[in-house]
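Shown below: run.cif, with mmCIF, C-alpha atoms.
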data_query
loop_
_atom_site.label_atom_id
_atom_site.label_comp_id
_atom_site.auth_asym_id
_atom_site.auth_seq_id
_atom_site.Cartn_x
_atom_site.Cartn_y
_atom_site.Cartn_z
CA MET A 1 -18.32 20.18 -27.70
CA ASN A 2 -17.28 23.05 -29.95
CA PHE A 3 -14.38 25.30 -29.06
CA PRO A 4 -14.00 28.90 -30.16
CA SER A 5 -10.26 28.50 -30.64
CA LYS A 6 -7.78 25.82 -31.75
CA LEU A 7 -5.46 26.80 -28.90
CA ILE A 8 -8.17 26.22 -26.31
CA GLU A 9 -9.15 22.96 -27.96
CA GLU A 10 -5.58 21.65 -27.87
CA ALA A 11 -5.09 22.70 -24.25
CA VAL A 12 -8.41 21.07 -23.29
CA ASN A 13 -7.43 17.86 -25.08
CA GLU A 14 -4.10 17.70 -23.24
CA ILE A 15 -5.55 18.55 -19.82
CA SER A 16 -8.38 16.04 -20.18
CA ARG A 17 -5.85 13.22 -20.69
CA LEU A 18 -5.16 13.49 -16.96
CA PRO A 19 -7.08 10.94 -14.85
CA GLY A 20 -10.42 12.12 -13.47
CA ILE A 21 -10.51 15.29 -15.56
CA GLY A 22 -13.16 15.53 -18.26
CA LYS A 23 -13.55 18.04 -21.09
CA LYS A 24 -15.70 20.41 -19.04
CA THR A 25 -13.26 20.59 -16.13
CA ALA A 26 -10.36 20.91 -18.58
CA LEU A 27 -12.08 23.87 -20.23
CA ARG A 28 -12.68 25.49 -16.85
CA LEU A 29 -8.98 25.07 -15.98
CA ALA A 30 -7.84 26.43 -19.37
CA LEU A 31 -10.07 29.50 -19.06
CA HIS A 32 -8.85 29.98 -15.49
CA LEU A 33 -5.24 30.04 -16.71
CA LEU A 34 -6.20 32.60 -19.36
CA LYS A 35 -7.51 34.92 -16.63
CA GLN A 36 -4.33 34.63 -14.55
CA LYS A 37 -0.99 36.29 -15.15
CA GLU A 38 1.27 34.59 -17.68
CA THR A 39 3.74 33.63 -14.91
CA VAL A 40 1.15 31.27 -13.36
CA THR A 41 1.08 29.15 -16.51
CA GLU A 42 4.86 29.38 -16.90
CA GLU A 43 5.47 28.22 -13.33
CA LEU A 44 3.01 25.35 -13.72
CA SER A 45 4.60 24.17 -16.98
CA SER A 46 8.14 24.40 -15.70
CA ALA A 47 7.28 22.57 -12.45
CA LEU A 48 5.70 19.74 -14.47
CA LEU A 49 8.63 19.54 -16.89
CA ALA A 50 11.18 19.63 -14.05
CA LEU A 51 9.27 16.90 -12.22
CA ARG A 52 9.23 14.62 -15.24
CA LYS A 53 12.77 15.31 -16.43
CA ASP A 54 14.78 15.58 -13.23
CA ILE A 55 13.10 12.99 -11.04
CA ARG A 56 15.27 10.04 -10.11
CA TYR A 57 14.53 6.82 -8.31
CA CYS A 58 16.38 5.38 -5.32
CA THR A 59 18.46 2.41 -6.50
CA THR A 60 17.92 0.73 -3.12
CA CYS A 61 14.17 1.04 -2.42
CA HIS A 62 12.87 2.45 -5.77
CA ASN A 63 11.16 5.36 -4.05
CA VAL A 64 11.56 8.80 -5.67
CA ALA A 65 14.85 10.57 -5.02
CA ASP A 66 15.53 14.21 -5.75
CA SER A 67 19.18 13.92 -6.62
CA GLY A 68 21.74 11.19 -6.35
CA ASP A 69 21.00 7.50 -6.35
CA THR A 70 19.58 7.17 -2.83
CA CYS A 71 16.37 8.64 -1.40
CA SER A 72 16.15 10.68 1.79
CA ILE A 73 14.58 7.81 3.76
CA CYS A 74 17.36 5.33 2.89
CA LEU A 75 19.99 7.99 3.68
CA SER A 76 18.48 8.99 7.04
CA VAL A 77 20.43 7.84 10.11
CA ARG A 78 17.25 7.94 12.21
CA ARG A 79 15.52 5.12 10.35
CA ASP A 80 15.61 1.52 11.56
CA LYS A 81 17.50 -0.32 8.84
CA GLN A 82 16.44 -3.73 10.17
CA ILE A 83 12.83 -3.39 9.01
CA ILE A 84 11.64 -3.09 5.40
CA CYS A 85 8.04 -2.27 4.52
CA VAL A 86 7.05 -3.55 1.07
CA VAL A 87 4.49 -1.39 -0.77
CA GLU A 88 2.91 -1.39 -4.21
CA ASP A 89 3.71 2.16 -5.25
CA ILE A 90 4.99 5.59 -4.21
CA PRO A 91 1.66 6.99 -2.87
CA ASP A 92 1.66 4.13 -0.35
CA VAL A 93 5.03 5.33 1.01
CA LEU A 94 3.51 8.79 1.45
CA ALA A 95 0.42 7.36 3.16
CA ILE A 96 2.49 5.35 5.66
CA GLU A 97 4.90 8.26 6.25
CA ASN A 98 1.96 10.53 7.04
CA THR A 99 0.83 8.20 9.86
CA GLY A 100 4.13 8.90 11.67
CA GLN A 101 3.98 5.32 13.04
CA TYR A 102 6.77 3.72 11.01
CA GLN A 103 10.50 4.30 11.36
CA GLY A 104 11.92 1.57 9.12
CA LEU A 105 12.83 1.56 5.43
CA TYR A 106 10.65 0.90 2.38
CA HIS A 107 10.71 -1.18 -0.77
CA VAL A 108 8.53 -0.04 -3.69
CA LEU A 109 7.53 -2.96 -5.94
CA GLY A 110 6.08 -0.80 -8.72
CA GLY A 111 2.90 -2.88 -8.89
CA VAL A 112 1.47 -6.24 -7.84
CA ILE A 113 1.41 -9.61 -9.61
CA SER A 114 -1.51 -9.59 -12.05
CA PRO A 115 -1.60 -12.33 -14.72
CA ILE A 116 -4.58 -10.61 -16.43
CA GLN A 117 -2.56 -7.44 -16.98
CA GLY A 118 0.52 -9.47 -17.87
CA ILE A 119 2.45 -8.42 -14.76
CA GLY A 120 4.56 -11.27 -13.40
CA PRO A 121 7.18 -11.27 -10.62
CA ASP A 122 9.90 -10.32 -13.12
CA GLU A 123 8.17 -7.01 -13.95
CA LEU A 124 8.30 -6.01 -10.28
CA LYS A 125 11.22 -5.18 -7.98
CA ILE A 126 10.92 -8.51 -6.13
CA GLU A 127 14.36 -9.89 -7.01
CA SER A 128 15.88 -6.61 -5.86
CA LEU A 129 14.04 -7.03 -2.50
CA ILE A 130 15.39 -10.58 -2.05
CA GLN A 131 18.95 -9.44 -2.76
CA ARG A 132 18.53 -6.51 -0.39
CA CYS A 133 17.39 -8.84 2.40
CA ALA A 134 20.08 -11.46 1.72
CA GLY A 135 22.99 -9.06 1.91
CA SER A 136 22.24 -7.03 5.05
CA GLY A 137 21.03 -7.40 8.61
CA VAL A 138 17.31 -7.12 7.81
CA GLN A 139 15.26 -8.68 10.62
CA GLU A 140 11.69 -8.17 9.46
CA VAL A 141 9.80 -7.55 6.24
CA ILE A 142 6.33 -5.99 6.61
CA LEU A 143 4.06 -6.59 3.61
CA ALA A 144 1.74 -3.58 3.15
CA LEU A 145 0.14 -4.57 -0.13
CA PRO A 146 -3.49 -3.98 -1.17
CA ALA A 147 -6.14 -6.30 0.30
CA THR A 148 -7.03 -7.64 -3.16
CA MET A 149 -6.44 -11.00 -4.83
CA GLU A 150 -3.44 -9.55 -6.67
CA GLY A 151 -2.04 -8.06 -3.47
CA ASP A 152 -2.48 -11.34 -1.57
CA THR A 153 -0.87 -13.31 -4.40
CA THR A 154 2.12 -10.98 -4.33
CA SER A 155 2.35 -11.20 -0.53
CA PHE A 156 2.29 -15.00 -0.72
CA PHE A 157 4.95 -15.06 -3.44
CA ILE A 158 7.29 -12.77 -1.50
CA SER A 159 6.77 -14.51 1.83
CA ARG A 160 7.67 -17.89 0.24
CA LYS A 161 10.84 -16.41 -1.27
CA LEU A 162 11.87 -14.85 2.05
CA LYS A 163 11.29 -18.07 4.04
CA GLU A 164 14.58 -19.43 2.70
CA LEU A 165 16.43 -16.40 4.11
CA ASN A 166 15.06 -16.95 7.63
CA ILE A 167 13.62 -13.43 7.87
CA LYS A 168 10.46 -12.67 9.84
CA VAL A 169 7.65 -11.75 7.44
CA SER A 170 4.51 -9.95 8.63
CA SER A 171 1.54 -8.26 6.99
CA ILE A 172 -0.30 -5.11 8.06
CA ALA A 173 -3.52 -5.92 9.92
CA ARG A 174 -6.78 -6.24 8.02
CA GLY A 175 -9.88 -5.47 10.01
CA ILE A 176 -12.57 -2.97 10.84
CA PRO A 177 -11.42 0.63 10.28
CA ILE A 178 -11.18 2.84 13.37
CA GLY A 179 -14.62 4.40 13.87
CA GLY A 180 -16.26 1.74 11.72
CA GLU A 181 -19.58 0.17 12.71
CA LEU A 182 -19.80 -3.63 12.83
CA GLU A 183 -23.16 -3.79 11.07
CA TYR A 184 -21.91 -1.86 8.03
CA THR A 185 -18.67 -3.85 7.65
CA ASP A 186 -18.66 -6.37 4.81
CA GLU A 187 -18.76 -10.06 5.75
CA VAL A 188 -15.27 -10.92 4.50
CA THR A 189 -13.59 -8.16 6.53
CA LEU A 190 -15.65 -8.95 9.62
CA GLY A 191 -14.95 -12.69 9.30
CA ARG A 192 -11.24 -12.06 8.87
CA SER A 193 -11.16 -9.67 11.85
CA ILE A 194 -12.54 -12.46 14.07
CA LEU A 195 -10.00 -15.01 12.83
CA THR A 196 -7.08 -12.60 13.31
CA ARG A 197 -8.33 -11.27 16.66
CA VAL A 198 -5.79 -9.62 18.95
CA ASN A 199 -5.20 -11.18 22.35
CA TYR A 200 -5.58 -8.44 24.96
CA SER A 201 -4.36 -10.58 27.89
CA SER A 202 -0.98 -11.37 26.33
CA GLU A 203 -0.15 -7.76 25.44
CA MET B 1 1.35 16.51 4.06
CA ASN B 2 4.96 15.44 3.64
CA PHE B 3 6.45 14.86 0.24
CA PRO B 4 9.32 12.51 -0.53
CA SER B 5 10.82 14.89 -3.05
CA LYS B 6 11.17 18.63 -3.58
CA LEU B 7 10.28 18.19 -7.26
CA ILE B 8 7.00 16.48 -6.41
CA GLU B 9 6.25 19.10 -3.76
CA GLU B 10 6.78 21.96 -6.22
CA ALA B 11 4.66 20.29 -8.90
CA VAL B 12 1.89 19.60 -6.36
CA ASN B 13 1.98 23.22 -5.19
CA GLU B 14 1.65 24.50 -8.75
CA ILE B 15 -1.10 22.05 -9.75
CA SER B 16 -3.13 22.72 -6.60
CA ARG B 17 -3.28 26.43 -7.45
CA LEU B 18 -5.80 25.47 -10.13
CA PRO B 19 -9.44 25.91 -9.05
CA GLY B 20 -11.09 22.84 -7.56
CA ILE B 21 -7.87 20.85 -7.29
CA GLY B 22 -6.58 20.09 -3.80
CA LYS B 23 -3.22 18.73 -2.67
CA LYS B 24 -4.35 15.10 -2.84
CA THR B 25 -5.65 15.35 -6.40
CA ALA B 26 -2.56 17.31 -7.39
CA LEU B 27 -0.34 14.55 -6.02
CA ARG B 28 -2.34 11.92 -7.90
CA LEU B 29 -1.93 13.91 -11.14
CA ALA B 30 1.81 14.43 -10.55
CA LEU B 31 2.38 10.71 -9.90
CA HIS B 32 0.27 9.90 -12.97
CA LEU B 33 2.52 12.07 -15.13
CA LEU B 34 5.58 10.31 -13.67
CA LYS B 35 4.18 6.98 -14.84
CA GLN B 36 3.54 8.20 -18.39
CA LYS B 37 6.05 8.78 -21.16
CA GLU B 38 7.95 12.06 -21.01
CA THR B 39 6.16 13.26 -24.17
CA VAL B 40 2.82 13.37 -22.31
CA THR B 41 4.16 15.99 -19.89
CA GLU B 42 5.92 17.86 -22.69
CA GLU B 43 2.76 18.05 -24.79
CA LEU B 44 0.70 19.20 -21.81
CA SER B 45 3.19 21.93 -20.90
CA SER B 46 3.56 23.21 -24.42
CA ALA B 47 -0.22 23.27 -25.00
CA LEU B 48 -0.67 25.32 -21.81
CA LEU B 49 2.16 27.71 -22.70
CA ALA B 50 0.89 28.12 -26.27
CA LEU B 51 -2.63 28.78 -24.98
CA ARG B 52 -1.45 31.48 -22.59
CA LYS B 53 1.10 33.09 -24.92
CA ASP B 54 -0.57 32.96 -28.33
CA ILE B 55 -4.20 33.54 -27.45
CA ARG B 56 -5.67 36.77 -28.75
CA TYR B 57 -8.99 38.44 -28.23
CA CYS B 58 -11.38 39.68 -30.88
CA THR B 59 -11.26 43.48 -30.98
CA THR B 60 -14.94 43.57 -31.95
CA CYS B 61 -16.66 41.20 -29.52
CA HIS B 62 -13.82 40.38 -27.04
CA ASN B 63 -14.27 36.65 -27.54
CA VAL B 64 -11.09 34.56 -27.97
CA ALA B 65 -9.49 34.63 -31.42
CA ASP B 66 -6.80 32.27 -32.62
CA SER B 67 -4.99 34.65 -34.88
CA GLY B 68 -5.67 38.09 -36.23
CA ASP B 69 -7.85 40.67 -34.55
CA THR B 70 -11.25 39.17 -35.29
CA CYS B 71 -12.78 35.92 -34.01
CA SER B 72 -14.26 33.22 -36.23
CA ILE B 73 -17.85 34.14 -35.25
CA CYS B 74 -17.43 37.82 -36.20
CA LEU B 75 -15.72 36.79 -39.46
CA SER B 76 -18.36 34.23 -40.46
CA VAL B 77 -20.63 35.26 -43.36
CA ARG B 78 -23.35 32.91 -42.08
CA ARG B 79 -24.00 34.86 -38.88
CA ASP B 80 -26.76 37.44 -38.57
CA LYS B 81 -24.91 40.70 -37.99
CA GLN B 82 -28.09 42.51 -36.91
CA ILE B 83 -28.32 40.72 -33.55
CA ILE B 84 -25.80 40.92 -30.71
CA CYS B 85 -26.00 38.66 -27.66
CA VAL B 86 -24.34 40.21 -24.59
CA VAL B 87 -22.72 37.67 -22.19
CA GLU B 88 -20.63 37.89 -19.05
CA ASP B 89 -17.70 35.74 -20.14
CA ILE B 90 -16.27 33.33 -22.72
CA PRO B 91 -17.78 30.09 -21.28
CA ASP B 92 -21.21 31.66 -21.85
CA VAL B 93 -20.43 32.01 -25.57
CA LEU B 94 -19.55 28.32 -25.65
CA ALA B 95 -22.73 27.38 -23.77
CA ILE B 96 -24.96 29.32 -26.18
CA GLU B 97 -23.04 28.06 -29.25
CA ASN B 98 -23.57 24.48 -28.06
CA THR B 99 -27.35 24.96 -28.08
CA GLY B 100 -27.22 25.56 -31.84
CA GLN B 101 -30.19 27.97 -31.45
CA TYR B 102 -28.43 31.27 -32.02
CA GLN B 103 -27.04 32.62 -35.28
CA GLY B 104 -26.18 36.21 -34.35
CA LEU B 105 -23.00 37.78 -32.99
CA TYR B 106 -21.76 38.09 -29.40
CA HIS B 107 -20.36 40.71 -27.09
CA VAL B 108 -18.29 39.53 -24.10
CA LEU B 109 -18.42 42.04 -21.22
CA GLY B 110 -15.67 40.36 -19.17
CA GLY B 111 -17.77 40.45 -15.98
CA VAL B 112 -20.84 42.13 -14.49
CA ILE B 113 -21.22 45.33 -12.47
CA SER B 114 -20.40 44.53 -8.84
CA PRO B 115 -19.76 47.47 -6.48
CA ILE B 116 -18.64 45.04 -3.72
CA GLN B 117 -15.84 43.70 -5.91
CA GLY B 118 -15.08 47.17 -7.20
CA ILE B 119 -16.24 46.41 -10.75
CA GLY B 120 -18.00 49.39 -12.31
CA PRO B 121 -19.22 49.94 -15.90
CA ASP B 122 -15.78 51.29 -16.88
CA GLU B 123 -14.07 47.98 -16.04
CA LEU B 124 -16.35 46.16 -18.49
CA LYS B 125 -16.64 46.32 -22.28
CA ILE B 126 -19.90 48.31 -22.11
CA GLU B 127 -18.67 51.45 -23.89
CA SER B 128 -17.33 49.24 -26.68
CA LEU B 129 -20.81 47.66 -27.01
CA ILE B 130 -22.50 51.08 -27.28
CA GLN B 131 -20.07 52.19 -29.97
CA ARG B 132 -20.56 48.92 -31.82
CA CYS B 133 -24.35 49.41 -31.80
CA ALA B 134 -24.18 53.08 -32.74
CA GLY B 135 -22.04 52.60 -35.82
CA SER B 136 -23.70 49.68 -37.57
CA GLY B 137 -27.10 48.31 -38.51
CA VAL B 138 -27.69 46.39 -35.27
CA GLN B 139 -31.44 45.74 -34.79
CA GLU B 140 -31.56 43.86 -31.51
CA VAL B 141 -29.39 43.31 -28.43
CA ILE B 142 -30.16 40.18 -26.40
CA LEU B 143 -28.97 40.38 -22.79
CA ALA B 144 -27.90 36.90 -21.61
CA LEU B 145 -26.45 37.83 -18.22
CA PRO B 146 -26.66 35.78 -15.00
CA ALA B 147 -29.96 35.87 -13.09
CA THR B 148 -28.30 37.50 -10.09
CA MET B 149 -28.53 40.99 -8.63
CA GLU B 150 -25.26 41.93 -10.35
CA GLY B 151 -26.47 40.49 -13.67
CA ASP B 152 -29.78 42.34 -13.43
CA THR B 153 -28.03 45.61 -12.53
CA THR B 154 -25.77 45.24 -15.57
CA SER B 155 -28.75 44.43 -17.80
CA PHE B 156 -30.61 47.51 -16.56
CA PHE B 157 -27.56 49.73 -17.08
CA ILE B 158 -27.01 48.51 -20.64
CA SER B 159 -30.70 48.67 -21.60
CA ARG B 160 -30.87 52.30 -20.45
CA LYS B 161 -27.79 53.19 -22.49
CA LEU B 162 -29.18 51.50 -25.58
CA LYS B 163 -32.59 53.21 -25.30
CA GLU B 164 -31.06 56.39 -26.72
CA LEU B 165 -29.92 54.50 -29.83
CA ASN B 166 -33.42 53.19 -30.55
CA ILE B 167 -32.32 49.55 -30.62
CA LYS B 168 -34.61 46.74 -29.46
CA VAL B 169 -33.29 45.24 -26.21
CA SER B 170 -34.44 41.84 -24.95
CA SER B 171 -33.36 39.43 -22.22
CA ILE B 172 -33.24 35.64 -22.31
CA ALA B 173 -36.29 34.11 -20.61
CA ARG B 174 -36.17 33.26 -16.91
CA GLY B 175 -38.49 30.50 -15.83
CA ILE B 176 -38.87 26.87 -14.94
CA PRO B 177 -36.17 24.71 -16.56
CA ILE B 178 -37.30 22.14 -19.14
CA GLY B 179 -38.20 19.00 -17.20
CA GLY B 180 -38.57 20.94 -13.95
CA GLU B 181 -41.40 20.22 -11.51
CA LEU B 182 -43.50 23.15 -10.31
CA GLU B 183 -43.50 22.08 -6.68
CA TYR B 184 -39.69 22.01 -6.49
CA THR B 185 -39.16 25.39 -8.17
CA ASP B 186 -38.27 28.27 -5.85
CA GLU B 187 -40.91 30.94 -5.26
CA VAL B 188 -39.06 33.76 -6.99
CA THR B 189 -38.59 31.81 -10.23
CA LEU B 190 -42.16 30.52 -10.16
CA GLY B 191 -43.55 34.00 -9.43
CA ARG B 192 -41.49 35.50 -12.25
CA SER B 193 -42.56 32.77 -14.67
CA ILE B 194 -46.21 33.67 -14.05
CA LEU B 195 -45.59 37.39 -14.57
CA THR B 196 -43.64 36.80 -17.79
CA ARG B 197 -46.02 34.14 -19.11
CA VAL B 198 -45.97 33.48 -22.85
CA ASN B 199 -49.16 34.11 -24.78
CA TYR B 200 -49.97 30.95 -26.76
CA SER B 201 -52.82 32.48 -28.77
CA SER B 202 -50.73 35.33 -30.21
CA GLU B 203 -47.86 33.09 -31.41
#
Write the structure described by the file as structure tokens, please.
Amino acid sequence: MNFPSKLIEEAVNEISRLPGIGKKTALRLALHLLKQKETVTEELSSALLALRKDIRYCTTCHNVADSGDTCSICLSVRRDKQIICVVEDIPDVLAIENTGQYQGLYHVLGGVISPIQGIGPDELKIESLIQRCAGSGVQEVILALPATMEGDTTSFFISRKLKELNIKVSSIARGIPIGGELEYTDEVTLGRSILTRVNYSSE
Amino acid sequence: MNFPSKLIEEAVNEISRLPGIGKKTALRLALHLLKQKETVTEELSSALLALRKDIRYCTTCHNVADSGDTCSICLSVRRDKQIICVVEDIPDVLAIENTGQYQGLYHVLGGVISPIQGIGPDELKIESLIQRCAGSGVQEVILALPATMEGDTTSFFISRKLKELNIKVSSIARGIPIGGELEYTDEVTLGRSILTRVNYSSE
């Protein structure tokens, strides 16, 4: 792809380093910015720079925090401090928050155990989770990790560590999505959903 | 959508003002930047700011120019200065350049005549095209405008203006795309391709 201008070429190169954005989309975005007022580009740049420079992470749960050392969820008096939900990364916190179904705290691991990618337990915030559980009145830890081999390995590792502390450990349910048809569900999910069936009569 | 941080929210708002990027994609991009080194964000911001601040436009053809008042195509000694290809906007220049089939100059109108959007001939670089043709030894003007009503209106308007100057005016061919099947081509295109058939024997 040839560019009529070095400035456009450099902008396209930088934009296309973002995930899911190719050269053609990058060019479309660059030309869009050229058509807008200069303030649009200035506001975009300064928002990105502010995000990257000023962002801080909660020292308790490792979620993002705007200012100070503790995030808004850990600070909130409305949250149930006896339950901790363990997630892989920050988008998972957002996803669970958007359901409106969870009122406890979070713990962001920053990844899952993956020997292939060289990520062991020490690269993740697992030790920090254990210490957090040991020191306070935490009653339950909910593991909300991805339903992959790496996620399951991490769940198993954490649950074994927490056994010693006598804390209830649970995992979010795996099964058929709401609205999902049985015949189009893969065998592993369907098989697991039968094994972990919910007892209606005891509810 | 709730955001855990004002900084993320502001970045997402700015990113999602770009065309074709929604809140979810914007969040994914923002979180991606957070995971990268700070230099990645700095380089992206400065490339965008440089693009918007330092870009200049060719005073002859209104294409982008890196520095000075004339673009690299107008400056090039290899280009045929007797032919001018009229296009709607800068991406069209890129598209034609990438074919490698055209060696003449360009003229970027900056849009097409559209009474509904309030764009008349005076909002476009049409007068500048006429002056350009009148003053120099231009032999042919190729109209490469979109095959829409607005594009056709603009083509008609320009061709009438150029008639007085005694310059040959042509339009890029409309027809069945290379590799296209006849039965899947719309009636208007197919009908037009029969009317504007190319005479093999006279070639």
Mind running chain A against chain B at 6 Å and telling me each contacting residue's nearest atom pair with the distance in Å (one decimal), counting only C-alpha atoms, chain and number ascending, as CSV?
residue,atom,partner,partner_atom,distance
A:Ser5,CA,B:Asp66,CA,5.5
A:Leu7,CA,B:Leu51,CA,5.2
A:Ala11,CA,B:Ala47,CA,5.0
A:Glu14,CA,B:Leu44,CA,5.2
A:Leu34,CA,B:Arg52,CA,5.9
A:Leu44,CA,B:Glu14,CA,5.2
A:Ser45,CA,B:Ser45,CA,4.7
A:Ala47,CA,B:Ala11,CA,5.0
A:Leu48,CA,B:Ala11,CA,5.7
A:Leu51,CA,B:Leu7,CA,5.2
A:Arg52,CA,B:Leu34,CA,5.9
A:Asp66,CA,B:Ser5,CA,5.5
Could you write out the selected residues, including C-alpha atoms, as a compact mmCIF listing (two decimals), in the frame of the given file?
# COMPACT_ATOMS: atom_id res chain seq x y z
CA SER A 5 -10.26 28.50 -30.64
CA LEU A 7 -5.46 26.80 -28.90
CA ALA A 11 -5.09 22.70 -24.25
CA GLU A 14 -4.10 17.70 -23.24
CA LEU A 34 -6.20 32.60 -19.36
CA LEU A 44 3.01 25.35 -13.72
CA SER A 45 4.60 24.17 -16.98
CA ALA A 47 7.28 22.57 -12.45
CA LEU A 48 5.70 19.74 -14.47
CA LEU A 51 9.27 16.90 -12.22
CA ARG A 52 9.23 14.62 -15.24
CA ASP A 66 15.53 14.21 -5.75
To test your reading of the syntax: which residues would the PyMOL selection byres ((chain B and resi 76-82) around 10) return for the file shown? Reply as a list in words.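 Here the PyMOL selection byres ((chain B and resi 76-82) around 10) matches Cys71, Ser72, Ile73, Cys74, Leu75, Ile83, Ile84, Tyr102, Gln103, Gly104, Leu105, Tyr106, Cys133, Ser136, Gly137, Val138, Gln139, Glu140 and Val141 of chain B.
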Would you mind exporting the chosen residues as a PDB file, in the coordinates of the input, restricted to C-alpha atoms?
ATOM      1  CA  CYS B  71     -12.780  35.920 -34.010  1.00  0.00           C
ATOM      2  CA  SER B  72     -14.260  33.220 -36.230  1.00  0.00           C
ATOM      3  CA  ILE B  73     -17.850  34.140 -35.250  1.00  0.00           C
ATOM      4  CA  CYS B  74     -17.430  37.820 -36.200  1.00  0.00           C
ATOM      5  CA  LEU B  75     -15.720  36.790 -39.460  1.00  0.00           C
ATOM      6  CA  ILE B  83     -28.320  40.720 -33.550  1.00  0.00           C
ATOM      7  CA  ILE B  84     -25.800  40.920 -30.710  1.00  0.00           C
ATOM      8  CA  TYR B 102     -28.430  31.270 -32.020  1.00  0.00           C
ATOM      9  CA  GLN B 103     -27.040  32.620 -35.280  1.00  0.00           C
ATOM     10  CA  GLY B 104     -26.180  36.210 -34.350  1.00  0.00           C
ATOM     11  CA  LEU B 105     -23.000  37.780 -32.990  1.00  0.00           C
ATOM     12  CA  TYR B 106     -21.760  38.090 -29.400  1.00  0.00           C
ATOM     13  CA  CYS B 133     -24.350  49.410 -31.800  1.00  0.00           C
ATOM     14  CA  SER B 136     -23.700  49.680 -37.570  1.00  0.00           C
ATOM     15  CA  GLY B 137     -27.100  48.310 -38.510  1.00  0.00           C
ATOM     16  CA  VAL B 138     -27.690  46.390 -35.270  1.00  0.00           C
ATOM     17  CA  GLN B 139     -31.440  45.740 -34.790  1.00  0.00           C
ATOM     18  CA  GLU B 140     -31.560  43.860 -31.510  1.00  0.00           C
ATOM     19  CA  VAL B 141     -29.390  43.310 -28.430  1.00  0.00           C
TER      20      VAL B 141
END
What's the separation between CA of Thr148 in chain B and CA of Gln117 in chain B, in Å to one decimal place? 14.5 Å
Once the PyMOL selection byres ((chain A and resi 171) around 9) is applied to the coordinates I shared, what remains selected? I want it as a ChimeraX atom specification. /A:141-145,155,169-170,172-174
Rank nothing, just name the residue among A:His107, A:Glu127, A:Leu182, A:Gln101 nearest to Cys58 in chain A, using only C-alpha atoms.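 The shortest atom-to-atom distance to Cys58 in chain A comes from A:His107.
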